[in-house]
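Okay, entry15.txt is below, compact mmCIF, N, CA, C and O atoms:
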```txt
# COMPACT_ATOMS: atom_id res chain seq x y z
N MET A 1 -61.52 -314.02 45.97
CA MET A 1 -61.51 -313.68 47.39
C MET A 1 -60.28 -314.31 48.04
O MET A 1 -60.08 -315.52 47.97
N PRO A 2 -59.46 -313.52 48.66
CA PRO A 2 -58.26 -314.07 49.31
C PRO A 2 -58.62 -314.78 50.61
O PRO A 2 -59.63 -314.47 51.25
N HIS A 3 -57.80 -315.73 50.96
CA HIS A 3 -57.97 -316.45 52.21
C HIS A 3 -56.89 -315.99 53.17
O HIS A 3 -55.77 -315.69 52.77
N LYS A 4 -57.21 -315.96 54.44
CA LYS A 4 -56.24 -315.56 55.44
C LYS A 4 -55.00 -316.46 55.34
O LYS A 4 -55.11 -317.67 55.28
N GLY A 5 -53.84 -315.82 55.26
CA GLY A 5 -52.60 -316.56 55.18
C GLY A 5 -52.12 -316.86 53.79
O GLY A 5 -51.03 -317.38 53.60
N GLU A 6 -52.92 -316.52 52.77
CA GLU A 6 -52.53 -316.77 51.38
C GLU A 6 -51.36 -315.87 50.99
O GLU A 6 -51.37 -314.67 51.26
N LEU A 7 -50.34 -316.44 50.35
CA LEU A 7 -49.20 -315.66 49.88
C LEU A 7 -49.58 -314.92 48.61
O LEU A 7 -50.23 -315.48 47.73
N LEU A 8 -49.16 -313.67 48.53
CA LEU A 8 -49.39 -312.87 47.33
C LEU A 8 -48.17 -313.00 46.44
O LEU A 8 -47.07 -312.64 46.85
N THR A 9 -48.36 -313.54 45.25
CA THR A 9 -47.23 -313.76 44.35
C THR A 9 -47.46 -313.16 42.97
O THR A 9 -46.51 -312.79 42.30
N HIS A 10 -48.69 -313.07 42.52
CA HIS A 10 -49.00 -312.59 41.18
C HIS A 10 -49.51 -311.15 41.22
O HIS A 10 -50.09 -310.72 42.22
N GLN A 11 -49.31 -310.45 40.14
CA GLN A 11 -49.75 -309.06 40.04
C GLN A 11 -51.23 -308.94 40.36
O GLN A 11 -51.66 -308.00 41.04
N ARG A 12 -52.04 -309.88 39.90
CA ARG A 12 -53.48 -309.81 40.14
C ARG A 12 -53.81 -309.94 41.62
O ARG A 12 -54.80 -309.37 42.09
N HIS A 13 -53.01 -310.67 42.40
CA HIS A 13 -53.21 -310.76 43.85
C HIS A 13 -53.05 -309.39 44.49
O HIS A 13 -53.87 -308.97 45.30
N PHE A 14 -51.97 -308.71 44.11
CA PHE A 14 -51.71 -307.38 44.68
C PHE A 14 -52.78 -306.39 44.26
O PHE A 14 -53.25 -305.59 45.07
N GLN A 15 -53.18 -306.43 42.99
CA GLN A 15 -54.20 -305.51 42.50
C GLN A 15 -55.53 -305.70 43.23
O GLN A 15 -56.22 -304.74 43.55
N TYR A 16 -55.89 -306.95 43.50
CA TYR A 16 -57.11 -307.24 44.24
C TYR A 16 -57.05 -306.61 45.63
O TYR A 16 -58.01 -305.99 46.09
N HIS A 17 -55.91 -306.75 46.29
CA HIS A 17 -55.76 -306.20 47.64
C HIS A 17 -55.81 -304.68 47.65
O HIS A 17 -56.34 -304.08 48.58
N ILE A 18 -55.29 -304.05 46.60
CA ILE A 18 -55.39 -302.60 46.49
C ILE A 18 -56.84 -302.20 46.24
O ILE A 18 -57.38 -301.32 46.92
N GLN A 19 -57.49 -302.83 45.27
CA GLN A 19 -58.85 -302.48 44.88
C GLN A 19 -59.83 -302.59 46.04
O GLN A 19 -60.69 -301.73 46.21
N TYR A 20 -59.71 -303.64 46.85
CA TYR A 20 -60.67 -303.88 47.92
C TYR A 20 -60.12 -303.54 49.31
O TYR A 20 -60.76 -303.85 50.32
N ALA A 21 -58.96 -302.91 49.36
CA ALA A 21 -58.34 -302.48 50.62
C ALA A 21 -58.23 -303.63 51.63
O ALA A 21 -58.52 -303.48 52.81
N VAL A 22 -57.80 -304.79 51.14
CA VAL A 22 -57.60 -305.95 51.99
C VAL A 22 -56.20 -305.83 52.63
O VAL A 22 -55.21 -305.65 51.93
N PRO A 23 -56.11 -305.91 53.96
CA PRO A 23 -54.81 -305.78 54.63
C PRO A 23 -53.83 -306.88 54.24
O PRO A 23 -54.22 -308.00 53.90
N VAL A 24 -52.55 -306.51 54.31
CA VAL A 24 -51.46 -307.40 53.96
C VAL A 24 -50.41 -307.33 55.06
O VAL A 24 -50.12 -306.26 55.58
N GLU A 25 -49.87 -308.49 55.42
CA GLU A 25 -48.73 -308.53 56.34
C GLU A 25 -47.47 -308.74 55.51
O GLU A 25 -47.49 -309.45 54.51
N ILE A 26 -46.38 -308.13 55.96
CA ILE A 26 -45.11 -308.24 55.25
C ILE A 26 -44.09 -308.89 56.17
O ILE A 26 -43.98 -308.52 57.35
N TYR A 27 -43.37 -309.86 55.62
CA TYR A 27 -42.34 -310.59 56.36
C TYR A 27 -41.04 -310.55 55.60
O TYR A 27 -41.02 -310.54 54.37
N LYS A 28 -39.95 -310.55 56.33
CA LYS A 28 -38.63 -310.77 55.76
C LYS A 28 -38.12 -312.03 56.44
O LYS A 28 -37.77 -312.00 57.62
N GLY A 29 -38.12 -313.12 55.70
CA GLY A 29 -37.85 -314.42 56.31
C GLY A 29 -39.01 -314.74 57.24
O GLY A 29 -40.17 -314.67 56.86
N ASP A 30 -38.68 -315.04 58.50
CA ASP A 30 -39.71 -315.33 59.51
C ASP A 30 -40.04 -314.12 60.37
O ASP A 30 -40.80 -314.23 61.32
N VAL A 31 -39.46 -312.97 60.05
CA VAL A 31 -39.63 -311.77 60.87
C VAL A 31 -40.75 -310.90 60.31
O VAL A 31 -40.72 -310.49 59.14
N HIS A 32 -41.73 -310.61 61.17
CA HIS A 32 -42.83 -309.72 60.79
C HIS A 32 -42.30 -308.29 60.71
O HIS A 32 -41.67 -307.79 61.63
N ILE A 33 -42.58 -307.63 59.57
CA ILE A 33 -42.06 -306.28 59.33
C ILE A 33 -43.15 -305.22 59.44
O ILE A 33 -42.96 -304.19 60.06
N ASP A 34 -44.32 -305.47 58.84
CA ASP A 34 -45.35 -304.44 58.77
C ASP A 34 -46.69 -305.08 58.44
O ASP A 34 -46.74 -306.23 57.99
N VAL A 35 -47.76 -304.32 58.66
CA VAL A 35 -49.10 -304.75 58.27
C VAL A 35 -49.88 -303.50 57.90
O VAL A 35 -49.69 -302.44 58.50
N GLY A 36 -50.74 -303.62 56.90
CA GLY A 36 -51.55 -302.48 56.49
C GLY A 36 -52.15 -302.70 55.12
O GLY A 36 -52.17 -303.81 54.60
N VAL A 37 -52.61 -301.59 54.54
CA VAL A 37 -53.27 -301.63 53.24
C VAL A 37 -52.29 -301.14 52.17
O VAL A 37 -51.64 -300.11 52.34
N LEU A 38 -52.20 -301.89 51.09
CA LEU A 38 -51.32 -301.51 49.98
C LEU A 38 -51.83 -300.25 49.29
O LEU A 38 -53.05 -300.06 49.16
N THR A 39 -50.90 -299.41 48.87
CA THR A 39 -51.27 -298.19 48.16
C THR A 39 -50.82 -298.19 46.71
O THR A 39 -51.35 -297.43 45.91
N ALA A 40 -49.83 -299.01 46.36
CA ALA A 40 -49.36 -299.11 44.97
C ALA A 40 -48.53 -300.38 44.81
O ALA A 40 -48.03 -300.94 45.78
N VAL A 41 -48.40 -300.81 43.54
CA VAL A 41 -47.60 -302.00 43.25
C VAL A 41 -47.12 -301.93 41.80
O VAL A 41 -47.80 -301.37 40.94
N ASP A 42 -45.91 -302.43 41.56
CA ASP A 42 -45.44 -302.65 40.19
C ASP A 42 -44.69 -303.97 40.17
O ASP A 42 -44.78 -304.75 41.13
N GLU A 43 -43.94 -304.23 39.12
CA GLU A 43 -43.28 -305.53 38.98
C GLU A 43 -42.22 -305.78 40.05
O GLU A 43 -41.93 -306.92 40.40
N ALA A 44 -41.63 -304.71 40.58
CA ALA A 44 -40.50 -304.86 41.50
C ALA A 44 -40.81 -304.46 42.94
O ALA A 44 -40.19 -304.98 43.87
N PHE A 45 -41.75 -303.53 43.14
CA PHE A 45 -41.99 -303.00 44.49
C PHE A 45 -43.46 -302.97 44.85
O PHE A 45 -44.33 -302.90 43.99
N VAL A 46 -43.70 -303.00 46.16
CA VAL A 46 -45.02 -302.83 46.73
C VAL A 46 -44.93 -301.64 47.68
O VAL A 46 -43.97 -301.52 48.43
N GLU A 47 -45.93 -300.76 47.62
CA GLU A 47 -45.97 -299.64 48.55
C GLU A 47 -47.05 -299.90 49.58
O GLU A 47 -48.20 -300.20 49.24
N LEU A 48 -46.67 -299.80 50.83
CA LEU A 48 -47.60 -299.97 51.94
C LEU A 48 -47.51 -298.70 52.79
O LEU A 48 -46.49 -298.48 53.46
N GLN A 49 -48.54 -297.86 52.66
CA GLN A 49 -48.63 -296.65 53.48
C GLN A 49 -47.36 -295.80 53.39
O GLN A 49 -46.83 -295.36 54.40
N GLY A 50 -46.85 -295.59 52.18
CA GLY A 50 -45.71 -294.72 51.97
C GLY A 50 -44.34 -295.37 52.02
O GLY A 50 -43.34 -294.72 51.75
N THR A 51 -44.27 -296.64 52.36
CA THR A 51 -42.99 -297.35 52.42
C THR A 51 -42.93 -298.37 51.29
O THR A 51 -43.88 -299.12 51.08
N LEU A 52 -41.80 -298.37 50.56
CA LEU A 52 -41.62 -299.32 49.46
C LEU A 52 -40.93 -300.59 49.95
O LEU A 52 -39.97 -300.53 50.71
N TYR A 53 -41.44 -301.73 49.48
CA TYR A 53 -40.86 -303.04 49.81
C TYR A 53 -40.56 -303.76 48.51
O TYR A 53 -41.42 -303.86 47.63
N ASN A 54 -39.35 -304.27 48.38
CA ASN A 54 -38.92 -305.00 47.20
C ASN A 54 -39.62 -306.37 47.19
O ASN A 54 -39.54 -307.12 48.16
N ARG A 55 -40.29 -306.68 46.10
CA ARG A 55 -41.05 -307.93 46.01
C ARG A 55 -40.16 -309.16 46.07
O ARG A 55 -40.62 -310.24 46.46
N SER A 56 -38.90 -309.04 45.71
CA SER A 56 -38.01 -310.20 45.73
C SER A 56 -37.38 -310.42 47.11
O SER A 56 -36.84 -311.50 47.36
N LEU A 57 -37.44 -309.45 48.00
CA LEU A 57 -36.82 -309.57 49.32
C LEU A 57 -37.80 -309.86 50.44
O LEU A 57 -37.41 -310.32 51.51
N PHE A 58 -39.08 -309.58 50.21
CA PHE A 58 -40.09 -309.72 51.26
C PHE A 58 -41.18 -310.69 50.83
O PHE A 58 -41.39 -310.93 49.64
N THR A 59 -41.89 -311.21 51.82
CA THR A 59 -43.04 -312.09 51.60
C THR A 59 -44.29 -311.32 51.99
O THR A 59 -44.31 -310.68 53.04
N PHE A 60 -45.32 -311.41 51.18
CA PHE A 60 -46.56 -310.69 51.38
C PHE A 60 -47.68 -311.68 51.62
O PHE A 60 -47.89 -312.59 50.82
N VAL A 61 -48.41 -311.50 52.72
CA VAL A 61 -49.43 -312.45 53.15
C VAL A 61 -50.77 -311.74 53.31
O VAL A 61 -50.84 -310.69 53.97
N SER A 62 -51.81 -312.30 52.74
CA SER A 62 -53.15 -311.74 52.85
C SER A 62 -53.68 -311.87 54.27
O SER A 62 -53.56 -312.94 54.88
N ARG A 63 -54.28 -310.79 54.77
CA ARG A 63 -54.87 -310.80 56.10
C ARG A 63 -56.26 -310.13 56.09
O ARG A 63 -56.47 -309.11 56.74
N PRO A 64 -57.22 -310.71 55.35
CA PRO A 64 -58.56 -310.12 55.35
C PRO A 64 -59.13 -310.10 56.76
O PRO A 64 -58.91 -311.00 57.55
N GLY A 65 -59.79 -308.99 57.09
CA GLY A 65 -60.39 -308.87 58.41
C GLY A 65 -59.44 -308.46 59.49
O GLY A 65 -59.80 -308.39 60.67
N TYR A 66 -58.18 -308.17 59.15
CA TYR A 66 -57.18 -307.81 60.16
C TYR A 66 -57.49 -306.47 60.77
O TYR A 66 -57.87 -305.54 60.16
```

For this file, write the structure as structure tokens.
Amino acid sequence: MPHKGELLTHQRHFQYHIQYAVPVEIYKGDVHIDVGVLTAVDEAFVELQGTLYNRSLFTFVSRPGY
């Protein structure tokens, strides 16, 4: 079970969020970029509602209950 504010770093974190439709916030540095439910993930990219985000350029934060 993810905790609010937990950083997603491992493949299993992303898969859990996809499986249970747990919302994720995306940041680039300290700037909030997007929030929503993940639709796909691989080793390099995360897809959030049709937009791809590079896992090495962005930070992904769990937001259950958002």

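Contact shell of segment 52-66 of chain A at 4.5 Å (only N, CA, C and O atoms; same-chain neighbours under 2 positions omitted): His3, Lys4, Gly5, Glu6, Leu7, Leu8, Pro23, Val24, Glu25, Ile26, Tyr27, Lys28, Ala44, Phe45, Val46, Glu47 and Gly50 of chain A.
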
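Across the structure, atom N of Gln49 of chain A and atom N of Thr9 of chain A are spaced 17.3 Å apart.
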
DSSP strand (DSSP E or B) selection over chain A, as a PyMOL selection string: chain A and resi 7+24-28+31-36+38-41+45-48+51-54+59-62

Store the residues picked out above in a file with N, CA, C and O atoms, as a short mmCIF file (atom, residue, chain, number, x, y, z; two decimals), in the coordinates of the input.
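Saved result, again_34.cif, follows:
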```cif
data_model
loop_
_atom_site.label_atom_id
_atom_site.label_comp_id
_atom_site.auth_asym_id
_atom_site.auth_seq_id
_atom_site.Cartn_x
_atom_site.Cartn_y
_atom_site.Cartn_z
N LEU A 7 -50.34 -316.44 50.35
CA LEU A 7 -49.20 -315.66 49.88
C LEU A 7 -49.58 -314.92 48.61
O LEU A 7 -50.23 -315.48 47.73
N VAL A 24 -52.55 -306.51 54.31
CA VAL A 24 -51.46 -307.40 53.96
C VAL A 24 -50.41 -307.33 55.06
O VAL A 24 -50.12 -306.26 55.58
N GLU A 25 -49.87 -308.49 55.42
CA GLU A 25 -48.73 -308.53 56.34
C GLU A 25 -47.47 -308.74 55.51
O GLU A 25 -47.49 -309.45 54.51
N ILE A 26 -46.38 -308.13 55.96
CA ILE A 26 -45.11 -308.24 55.25
C ILE A 26 -44.09 -308.89 56.17
O ILE A 26 -43.98 -308.52 57.35
N TYR A 27 -43.37 -309.86 55.62
CA TYR A 27 -42.34 -310.59 56.36
C TYR A 27 -41.04 -310.55 55.60
O TYR A 27 -41.02 -310.54 54.37
N LYS A 28 -39.95 -310.55 56.33
CA LYS A 28 -38.63 -310.77 55.76
C LYS A 28 -38.12 -312.03 56.44
O LYS A 28 -37.77 -312.00 57.62
N VAL A 31 -39.46 -312.97 60.05
CA VAL A 31 -39.63 -311.77 60.87
C VAL A 31 -40.75 -310.90 60.31
O VAL A 31 -40.72 -310.49 59.14
N HIS A 32 -41.73 -310.61 61.17
CA HIS A 32 -42.83 -309.72 60.79
C HIS A 32 -42.30 -308.29 60.71
O HIS A 32 -41.67 -307.79 61.63
N ILE A 33 -42.58 -307.63 59.57
CA ILE A 33 -42.06 -306.28 59.33
C ILE A 33 -43.15 -305.22 59.44
O ILE A 33 -42.96 -304.19 60.06
N ASP A 34 -44.32 -305.47 58.84
CA ASP A 34 -45.35 -304.44 58.77
C ASP A 34 -46.69 -305.08 58.44
O ASP A 34 -46.74 -306.23 57.99
N VAL A 35 -47.76 -304.32 58.66
CA VAL A 35 -49.10 -304.75 58.27
C VAL A 35 -49.88 -303.50 57.90
O VAL A 35 -49.69 -302.44 58.50
N GLY A 36 -50.74 -303.62 56.90
CA GLY A 36 -51.55 -302.48 56.49
C GLY A 36 -52.15 -302.70 55.12
O GLY A 36 -52.17 -303.81 54.60
N LEU A 38 -52.20 -301.89 51.09
CA LEU A 38 -51.32 -301.51 49.98
C LEU A 38 -51.83 -300.25 49.29
O LEU A 38 -53.05 -300.06 49.16
N THR A 39 -50.90 -299.41 48.87
CA THR A 39 -51.27 -298.19 48.16
C THR A 39 -50.82 -298.19 46.71
O THR A 39 -51.35 -297.43 45.91
N ALA A 40 -49.83 -299.01 46.36
CA ALA A 40 -49.36 -299.11 44.97
C ALA A 40 -48.53 -300.38 44.81
O ALA A 40 -48.03 -300.94 45.78
N VAL A 41 -48.40 -300.81 43.54
CA VAL A 41 -47.60 -302.00 43.25
C VAL A 41 -47.12 -301.93 41.80
O VAL A 41 -47.80 -301.37 40.94
N PHE A 45 -41.75 -303.53 43.14
CA PHE A 45 -41.99 -303.00 44.49
C PHE A 45 -43.46 -302.97 44.85
O PHE A 45 -44.33 -302.90 43.99
N VAL A 46 -43.70 -303.00 46.16
CA VAL A 46 -45.02 -302.83 46.73
C VAL A 46 -44.93 -301.64 47.68
O VAL A 46 -43.97 -301.52 48.43
N GLU A 47 -45.93 -300.76 47.62
CA GLU A 47 -45.97 -299.64 48.55
C GLU A 47 -47.05 -299.90 49.58
O GLU A 47 -48.20 -300.20 49.24
N LEU A 48 -46.67 -299.80 50.83
CA LEU A 48 -47.60 -299.97 51.94
C LEU A 48 -47.51 -298.70 52.79
O LEU A 48 -46.49 -298.48 53.46
N THR A 51 -44.27 -296.64 52.36
CA THR A 51 -42.99 -297.35 52.42
C THR A 51 -42.93 -298.37 51.29
O THR A 51 -43.88 -299.12 51.08
N LEU A 52 -41.80 -298.37 50.56
CA LEU A 52 -41.62 -299.32 49.46
C LEU A 52 -40.93 -300.59 49.95
O LEU A 52 -39.97 -300.53 50.71
N TYR A 53 -41.44 -301.73 49.48
CA TYR A 53 -40.86 -303.04 49.81
C TYR A 53 -40.56 -303.76 48.51
O TYR A 53 -41.42 -303.86 47.63
N ASN A 54 -39.35 -304.27 48.38
CA ASN A 54 -38.92 -305.00 47.20
C ASN A 54 -39.62 -306.37 47.19
O ASN A 54 -39.54 -307.12 48.16
N THR A 59 -41.89 -311.21 51.82
CA THR A 59 -43.04 -312.09 51.60
C THR A 59 -44.29 -311.32 51.99
O THR A 59 -44.31 -310.68 53.04
N PHE A 60 -45.32 -311.41 51.18
CA PHE A 60 -46.56 -310.69 51.38
C PHE A 60 -47.68 -311.68 51.62
O PHE A 60 -47.89 -312.59 50.82
N VAL A 61 -48.41 -311.50 52.72
CA VAL A 61 -49.43 -312.45 53.15
C VAL A 61 -50.77 -311.74 53.31
O VAL A 61 -50.84 -310.69 53.97
N SER A 62 -51.81 -312.30 52.74
CA SER A 62 -53.15 -311.74 52.85
C SER A 62 -53.68 -311.87 54.27
O SER A 62 -53.56 -312.94 54.88
#
```

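Here atom O of Tyr16 of chain A and atom N of Ala40 of chain A stand 10.8 Å from one another.
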
Atom CA of Val35 of chain A to atom C of Thr51 of chain A, straight-line distance in Å: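 Atom CA of Val35 of chain A lies at a distance of 11.3 Å from atom C of Thr51 of chain A.
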
List the neighbours of Leu48 of chain A out to 7 Å using only C-alpha atoms; skip same-chain residues closer than 5 positions along the sequence, and give me the result as number ranges by chain. A: 36-39

When DSSP works through the backbone of this structure, what residues of chain A end up as alpha helix (DSSP H), shown as a PyMOL selection string? chain A and resi 11-19

Take the selection from the previous step and output its residues with N, CA, C and O atoms, as a short mmCIF file (atom, residue, chain, number, x, y, z; two decimals), in the frame of the given file.
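Saved file again-v4.cif follows:
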```cif
data_model
loop_
_atom_site.label_atom_id
_atom_site.label_comp_id
_atom_site.auth_asym_id
_atom_site.auth_seq_id
_atom_site.Cartn_x
_atom_site.Cartn_y
_atom_site.Cartn_z
N GLN A 11 -49.31 -310.45 40.14
CA GLN A 11 -49.75 -309.06 40.04
C GLN A 11 -51.23 -308.94 40.36
O GLN A 11 -51.66 -308.00 41.04
N ARG A 12 -52.04 -309.88 39.90
CA ARG A 12 -53.48 -309.81 40.14
C ARG A 12 -53.81 -309.94 41.62
O ARG A 12 -54.80 -309.37 42.09
N HIS A 13 -53.01 -310.67 42.40
CA HIS A 13 -53.21 -310.76 43.85
C HIS A 13 -53.05 -309.39 44.49
O HIS A 13 -53.87 -308.97 45.30
N PHE A 14 -51.97 -308.71 44.11
CA PHE A 14 -51.71 -307.38 44.68
C PHE A 14 -52.78 -306.39 44.26
O PHE A 14 -53.25 -305.59 45.07
N GLN A 15 -53.18 -306.43 42.99
CA GLN A 15 -54.20 -305.51 42.50
C GLN A 15 -55.53 -305.70 43.23
O GLN A 15 -56.22 -304.74 43.55
N TYR A 16 -55.89 -306.95 43.50
CA TYR A 16 -57.11 -307.24 44.24
C TYR A 16 -57.05 -306.61 45.63
O TYR A 16 -58.01 -305.99 46.09
N HIS A 17 -55.91 -306.75 46.29
CA HIS A 17 -55.76 -306.20 47.64
C HIS A 17 -55.81 -304.68 47.65
O HIS A 17 -56.34 -304.08 48.58
N ILE A 18 -55.29 -304.05 46.60
CA ILE A 18 -55.39 -302.60 46.49
C ILE A 18 -56.84 -302.20 46.24
O ILE A 18 -57.38 -301.32 46.92
N GLN A 19 -57.49 -302.83 45.27
CA GLN A 19 -58.85 -302.48 44.88
C GLN A 19 -59.83 -302.59 46.04
O GLN A 19 -60.69 -301.73 46.21
#
```

Would you mind writing segment 25-35 of chain A with all heavy atoms, as a PDB file, keeping the file's coordinate frame?
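Below is the file that was written, out-v1.pdb:
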```pdb
ATOM      1  N   GLU A  25     -49.870-308.490  55.420  1.00  0.00           N
ATOM      2  CA  GLU A  25     -48.730-308.530  56.340  1.00  0.00           C
ATOM      3  C   GLU A  25     -47.470-308.740  55.510  1.00  0.00           C
ATOM      4  O   GLU A  25     -47.490-309.450  54.510  1.00  0.00           O
ATOM      5  CB  GLU A  25     -48.860-309.668  57.342  1.00  0.00           C
ATOM      6  CG  GLU A  25     -49.773-309.330  58.490  1.00  0.00           C
ATOM      7  CD  GLU A  25     -49.735-310.384  59.578  1.00  0.00           C
ATOM      8  OE1 GLU A  25     -50.030-311.554  59.264  1.00  0.00           O
ATOM      9  OE2 GLU A  25     -49.403-310.035  60.711  1.00  0.00           O
ATOM     10  N   ILE A  26     -46.380-308.130  55.960  1.00  0.00           N
ATOM     11  CA  ILE A  26     -45.110-308.240  55.250  1.00  0.00           C
ATOM     12  C   ILE A  26     -44.090-308.890  56.170  1.00  0.00           C
ATOM     13  O   ILE A  26     -43.980-308.520  57.350  1.00  0.00           O
ATOM     14  CB  ILE A  26     -44.617-306.860  54.786  1.00  0.00           C
ATOM     15  CG1 ILE A  26     -45.650-306.250  53.837  1.00  0.00           C
ATOM     16  CG2 ILE A  26     -43.254-306.974  54.122  1.00  0.00           C
ATOM     17  CD1 ILE A  26     -45.333-304.848  53.399  1.00  0.00           C
ATOM     18  N   TYR A  27     -43.370-309.860  55.620  1.00  0.00           N
ATOM     19  CA  TYR A  27     -42.340-310.590  56.360  1.00  0.00           C
ATOM     20  C   TYR A  27     -41.040-310.550  55.600  1.00  0.00           C
ATOM     21  O   TYR A  27     -41.020-310.540  54.370  1.00  0.00           O
ATOM     22  CB  TYR A  27     -42.737-312.065  56.540  1.00  0.00           C
ATOM     23  CG  TYR A  27     -43.885-312.280  57.488  1.00  0.00           C
ATOM     24  CD1 TYR A  27     -45.189-312.228  57.038  1.00  0.00           C
ATOM     25  CD2 TYR A  27     -43.647-312.538  58.835  1.00  0.00           C
ATOM     26  CE1 TYR A  27     -46.250-312.425  57.906  1.00  0.00           C
ATOM     27  CE2 TYR A  27     -44.706-312.731  59.712  1.00  0.00           C
ATOM     28  CZ  TYR A  27     -46.000-312.671  59.237  1.00  0.00           C
ATOM     29  OH  TYR A  27     -47.036-312.863  60.103  1.00  0.00           O
ATOM     30  N   LYS A  28     -39.950-310.550  56.330  1.00  0.00           N
ATOM     31  CA  LYS A  28     -38.630-310.770  55.760  1.00  0.00           C
ATOM     32  C   LYS A  28     -38.120-312.030  56.440  1.00  0.00           C
ATOM     33  O   LYS A  28     -37.770-312.000  57.620  1.00  0.00           O
ATOM     34  CB  LYS A  28     -37.697-309.599  55.995  1.00  0.00           C
ATOM     35  CG  LYS A  28     -36.385-309.751  55.258  1.00  0.00           C
ATOM     36  CD  LYS A  28     -35.585-308.475  55.232  1.00  0.00           C
ATOM     37  CE  LYS A  28     -34.373-308.696  54.341  1.00  0.00           C
ATOM     38  NZ  LYS A  28     -33.569-307.490  54.287  1.00  0.00           N
ATOM     39  N   GLY A  29     -38.120-313.120  55.700  1.00  0.00           N
ATOM     40  CA  GLY A  29     -37.850-314.420  56.310  1.00  0.00           C
ATOM     41  C   GLY A  29     -39.010-314.740  57.240  1.00  0.00           C
ATOM     42  O   GLY A  29     -40.170-314.670  56.860  1.00  0.00           O
ATOM     43  N   ASP A  30     -38.680-315.040  58.500  1.00  0.00           N
ATOM     44  CA  ASP A  30     -39.710-315.330  59.510  1.00  0.00           C
ATOM     45  C   ASP A  30     -40.040-314.120  60.370  1.00  0.00           C
ATOM     46  O   ASP A  30     -40.800-314.230  61.320  1.00  0.00           O
ATOM     47  CB  ASP A  30     -39.233-316.462  60.428  1.00  0.00           C
ATOM     48  CG  ASP A  30     -39.152-317.789  59.698  1.00  0.00           C
ATOM     49  OD1 ASP A  30     -39.850-317.948  58.672  1.00  0.00           O
ATOM     50  OD2 ASP A  30     -38.392-318.671  60.148  1.00  0.00           O
ATOM     51  N   VAL A  31     -39.460-312.970  60.050  1.00  0.00           N
ATOM     52  CA  VAL A  31     -39.630-311.770  60.870  1.00  0.00           C
ATOM     53  C   VAL A  31     -40.750-310.900  60.310  1.00  0.00           C
ATOM     54  O   VAL A  31     -40.720-310.490  59.140  1.00  0.00           O
ATOM     55  CB  VAL A  31     -38.317-310.964  60.933  1.00  0.00           C
ATOM     56  CG1 VAL A  31     -38.494-309.700  61.761  1.00  0.00           C
ATOM     57  CG2 VAL A  31     -37.196-311.821  61.489  1.00  0.00           C
ATOM     58  N   HIS A  32     -41.730-310.610  61.170  1.00  0.00           N
ATOM     59  CA  HIS A  32     -42.830-309.720  60.790  1.00  0.00           C
ATOM     60  C   HIS A  32     -42.300-308.290  60.710  1.00  0.00           C
ATOM     61  O   HIS A  32     -41.670-307.790  61.630  1.00  0.00           O
ATOM     62  CB  HIS A  32     -43.949-309.805  61.839  1.00  0.00           C
ATOM     63  CG  HIS A  32     -45.098-308.907  61.541  1.00  0.00           C
ATOM     64  ND1 HIS A  32     -45.223-307.662  62.093  1.00  0.00           N
ATOM     65  CD2 HIS A  32     -46.164-309.087  60.731  1.00  0.00           C
ATOM     66  CE1 HIS A  32     -46.326-307.095  61.641  1.00  0.00           C
ATOM     67  NE2 HIS A  32     -46.910-307.954  60.813  1.00  0.00           N
ATOM     68  N   ILE A  33     -42.580-307.630  59.570  1.00  0.00           N
ATOM     69  CA  ILE A  33     -42.060-306.280  59.330  1.00  0.00           C
ATOM     70  C   ILE A  33     -43.150-305.220  59.440  1.00  0.00           C
ATOM     71  O   ILE A  33     -42.960-304.190  60.060  1.00  0.00           O
ATOM     72  CB  ILE A  33     -41.404-306.186  57.919  1.00  0.00           C
ATOM     73  CG1 ILE A  33     -40.276-307.212  57.780  1.00  0.00           C
ATOM     74  CG2 ILE A  33     -40.923-304.780  57.631  1.00  0.00           C
ATOM     75  CD1 ILE A  33     -39.110-307.008  58.721  1.00  0.00           C
ATOM     76  N   ASP A  34     -44.320-305.470  58.840  1.00  0.00           N
ATOM     77  CA  ASP A  34     -45.350-304.440  58.770  1.00  0.00           C
ATOM     78  C   ASP A  34     -46.690-305.080  58.440  1.00  0.00           C
ATOM     79  O   ASP A  34     -46.740-306.230  57.990  1.00  0.00           O
ATOM     80  CB  ASP A  34     -44.982-303.412  57.696  1.00  0.00           C
ATOM     81  CG  ASP A  34     -45.589-302.036  57.921  1.00  0.00           C
ATOM     82  OD1 ASP A  34     -46.427-301.881  58.825  1.00  0.00           O
ATOM     83  OD2 ASP A  34     -45.200-301.111  57.187  1.00  0.00           O
ATOM     84  N   VAL A  35     -47.760-304.320  58.660  1.00  0.00           N
ATOM     85  CA  VAL A  35     -49.100-304.750  58.270  1.00  0.00           C
ATOM     86  C   VAL A  35     -49.880-303.500  57.900  1.00  0.00           C
ATOM     87  O   VAL A  35     -49.690-302.440  58.500  1.00  0.00           O
ATOM     88  CB  VAL A  35     -49.811-305.557  59.383  1.00  0.00           C
ATOM     89  CG1 VAL A  35     -50.041-304.729  60.615  1.00  0.00           C
ATOM     90  CG2 VAL A  35     -51.100-306.161  58.862  1.00  0.00           C
TER      91      VAL A  35
END
```
